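Below: the structure, in structure tokens.
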Amino acid sequence: MKLLFFSLALLTSMATTLHDFSVRSIDGTTVDLSSYKGKVVLIVNVASFCGHTKQYLPLEKLYRSYKDKGLVILGFPANDFGAQEPGTDEEIKTFCTTKYDVTFPMFSKVVVKGSSKAPLFEFLTSGGGNPSLAGEIDWNFEKFLVGKDGALVARFGSRVDPSSSDVISAIESALGK
């Protein structure tokens, strides 16, 4: 077990961009995040039974408005805060598609805090090389903006609406680079 932990820690410490990771989709397939090279990516830890769950609506609107310009939104369900994402991947997918008509890519449930944190979220919460963006996730629907080169460029807390001028401005700036 210690060897596995060391290997994950080593892998995370060697990762320098989003493109260095592979994750499991909500349908169980492996997705190499290098497939998003040249895209601006907004990563969000999501939950179905949270006060912020209504953010699925502006996230989907944002995705539909900017996907043809190069934005991808990636949703990562997590059950780390108040047990607000207790379902299976299949239940989460059904909830997101039927209640919020989510069409952006969704991924398998992950751990986003603590000693079992997924390597991708180790990278994101480390600031991805930018100490000003480092820190633990406080709650569901934290947002990480990644530039076309895979570098973390901005971070927004759970209470920041995805349709806020700050988020839109950061996305448009990243798309313009």
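Please note that chains go A, B, ... in the order of the structure tokens, that every chain numbers its residues from 1, and that ligands are numbered from 1 in the order shown.
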For the interface of range 101-175 of chain A with range 27-35 of chain A (cut-off 9 Å, counting only C-alpha atoms), please tabulate each contacting residue of range 101-175 of chain A alongside its nearest pair of atoms and their separation in Å to one decimal, rows sorted by chain and increasing number, as CSV.
residue,atom,partner,partner_atom,distance
A:Met106,CA,A:Asp27,CA,8.5
A:Phe107,CA,A:Asp27,CA,7.6
A:Ser108,CA,A:Gly28,CA,7.0
A:Gly150,CA,A:Ser34,CA,8.2
Deliver the residues from the most recent selection as a file, using N, CA and C atoms, as a CSV table (one decimal), in the first residue's frame.
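The resulting again_12.csv:
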chain,number,residue,atom,x,y,z
A,106,MET,N,-18.9,14.4,-18.1
A,106,MET,CA,-18.9,14.1,-16.7
A,106,MET,C,-18.0,12.9,-16.4
A,107,PHE,N,-17.5,12.8,-15.2
A,107,PHE,CA,-16.5,11.8,-14.9
A,107,PHE,C,-16.9,11.0,-13.7
A,108,SER,N,-16.3,9.9,-13.5
A,108,SER,CA,-16.6,9.0,-12.3
A,108,SER,C,-16.3,9.8,-11.0
A,150,GLY,N,-2.7,23.6,-20.8
A,150,GLY,CA,-2.9,22.7,-19.6
A,150,GLY,C,-2.5,23.3,-18.3
- Message: Using only C-alpha atoms, which protein or nucleic acid residues come within 12 Å of Ser163 in chain A? Drop anything in the same chain fewer than 4 positions from it, and give the result as a PyMOL selection string.
- Response: chain A and resi 55-63+65-66+143+156+159+167-171
- Item | DSSP strand (DSSP E or B) residues within chain A, as a PyMOL selection string | chain A and resi 22-25+30-32+40-46+71-78+106-107+110+143-146+152-156
- Task: Between A:Asn79, A:Ile73, A:Phe141, A:Phe121, single out the one closest to Val46 in chain A, counting only C-alpha atoms.
- Result: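 Under the stated criterion, the closest residue is A:Phe141.
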- Query: Do you know which residues are at most 12 Å from Gly129 in chain A counting only C-alpha atoms, after dropping those on the same chain fewer than 3 positions away, and could you put them as a count of residues only?
  - Reply: 21
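Across A:Ala78, A:Cys50, A:Val23, A:Val44, the tightest approach to Glu142 in chain A is made by A:Val44 when counting only C-alpha atoms.
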- Separation of CA of Asn140 in chain A from CA of Lys117 in chain A, in Å and rounded to one decimal: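 Going from CA of Asn140 in chain A over to CA of Lys117 in chain A covers 14.3 Å.
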Spatial neighbours of Glu91 in chain A, 12 Å, only C-alpha atoms, chain gap at least 4 places, as a PDB file with N, CA and C atoms, in the first residue's frame:
ATOM      1  N   ILE A  26     -17.727   9.046 -16.590  1.00  0.00           N
ATOM      2  CA  ILE A  26     -18.868   8.558 -15.829  1.00  0.00           C
ATOM      3  C   ILE A  26     -19.406   7.250 -16.416  1.00  0.00           C
ATOM      4  N   ASP A  27     -19.050   6.974 -17.694  1.00  0.00           N
ATOM      5  CA  ASP A  27     -19.438   5.724 -18.351  1.00  0.00           C
ATOM      6  C   ASP A  27     -18.398   4.629 -18.179  1.00  0.00           C
ATOM      7  N   ALA A  47     -21.900  18.003  -7.058  1.00  0.00           N
ATOM      8  CA  ALA A  47     -22.688  17.149  -6.164  1.00  0.00           C
ATOM      9  C   ALA A  47     -24.172  17.369  -6.450  1.00  0.00           C
ATOM     10  N   SER A  48     -24.930  16.301  -6.364  1.00  0.00           N
ATOM     11  CA  SER A  48     -26.350  16.341  -6.725  1.00  0.00           C
ATOM     12  C   SER A  48     -27.266  16.939  -5.660  1.00  0.00           C
ATOM     13  N   PRO A  77     -18.000  14.476  -9.983  1.00  0.00           N
ATOM     14  CA  PRO A  77     -18.778  14.280  -8.766  1.00  0.00           C
ATOM     15  C   PRO A  77     -17.878  13.884  -7.595  1.00  0.00           C
ATOM     16  N   GLU A  85     -23.211  13.733  -2.462  1.00  0.00           N
ATOM     17  CA  GLU A  85     -23.170  13.006  -3.732  1.00  0.00           C
ATOM     18  C   GLU A  85     -23.059  11.509  -3.429  1.00  0.00           C
ATOM     19  N   PRO A  86     -24.145  10.928  -2.877  1.00  0.00           N
ATOM     20  CA  PRO A  86     -24.081   9.529  -2.454  1.00  0.00           C
ATOM     21  C   PRO A  86     -24.297   8.509  -3.570  1.00  0.00           C
ATOM     22  N   GLY A  87     -24.773   8.934  -4.714  1.00  0.00           N
ATOM     23  CA  GLY A  87     -25.183   8.005  -5.771  1.00  0.00           C
ATOM     24  C   GLY A  87     -24.041   7.323  -6.496  1.00  0.00           C
ATOM     25  N   PHE A  95     -29.345  11.715 -13.091  1.00  0.00           N
ATOM     26  CA  PHE A  95     -29.763  12.949 -12.436  1.00  0.00           C
ATOM     27  C   PHE A  95     -29.363  14.165 -13.274  1.00  0.00           C
ATOM     28  N   CYS A  96     -28.095  14.201 -13.682  1.00  0.00           N
ATOM     29  CA  CYS A  96     -27.582  15.365 -14.422  1.00  0.00           C
ATOM     30  C   CYS A  96     -28.258  15.545 -15.772  1.00  0.00           C
ATOM     31  N   THR A  97     -28.508  14.445 -16.468  1.00  0.00           N
ATOM     32  CA  THR A  97     -29.095  14.566 -17.799  1.00  0.00           C
ATOM     33  C   THR A  97     -30.591  14.819 -17.752  1.00  0.00           C
ATOM     34  N   THR A  98     -31.293  14.224 -16.795  1.00  0.00           N
ATOM     35  CA  THR A  98     -32.748  14.412 -16.763  1.00  0.00           C
ATOM     36  C   THR A  98     -33.164  15.697 -16.057  1.00  0.00           C
ATOM     37  N   LYS A  99     -32.468  16.068 -14.998  1.00  0.00           N
ATOM     38  CA  LYS A  99     -32.874  17.259 -14.245  1.00  0.00           C
ATOM     39  C   LYS A  99     -32.264  18.548 -14.809  1.00  0.00           C
ATOM     40  N   SER A 108     -16.264   9.897 -13.469  1.00  0.00           N
ATOM     41  CA  SER A 108     -16.555   9.030 -12.341  1.00  0.00           C
ATOM     42  C   SER A 108     -16.311   9.778 -11.032  1.00  0.00           C
ATOM     43  N   LYS A 109     -17.064   9.406 -10.021  1.00  0.00           N
ATOM     44  CA  LYS A 109     -16.948  10.052  -8.721  1.00  0.00           C
ATOM     45  C   LYS A 109     -15.512   9.924  -8.203  1.00  0.00           C
TER      46      LYS A 109
END
- Quick one, how far is CA of Gly70 in chain A from CA of Gly38 in chain A? 7.7 Å
- Message: If I take CA of Lys39 in chain A and CA of Gly157 in chain A, how far is one from the other in Å, to one decimal?
- Response: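 A separation of 21.8 Å between them.
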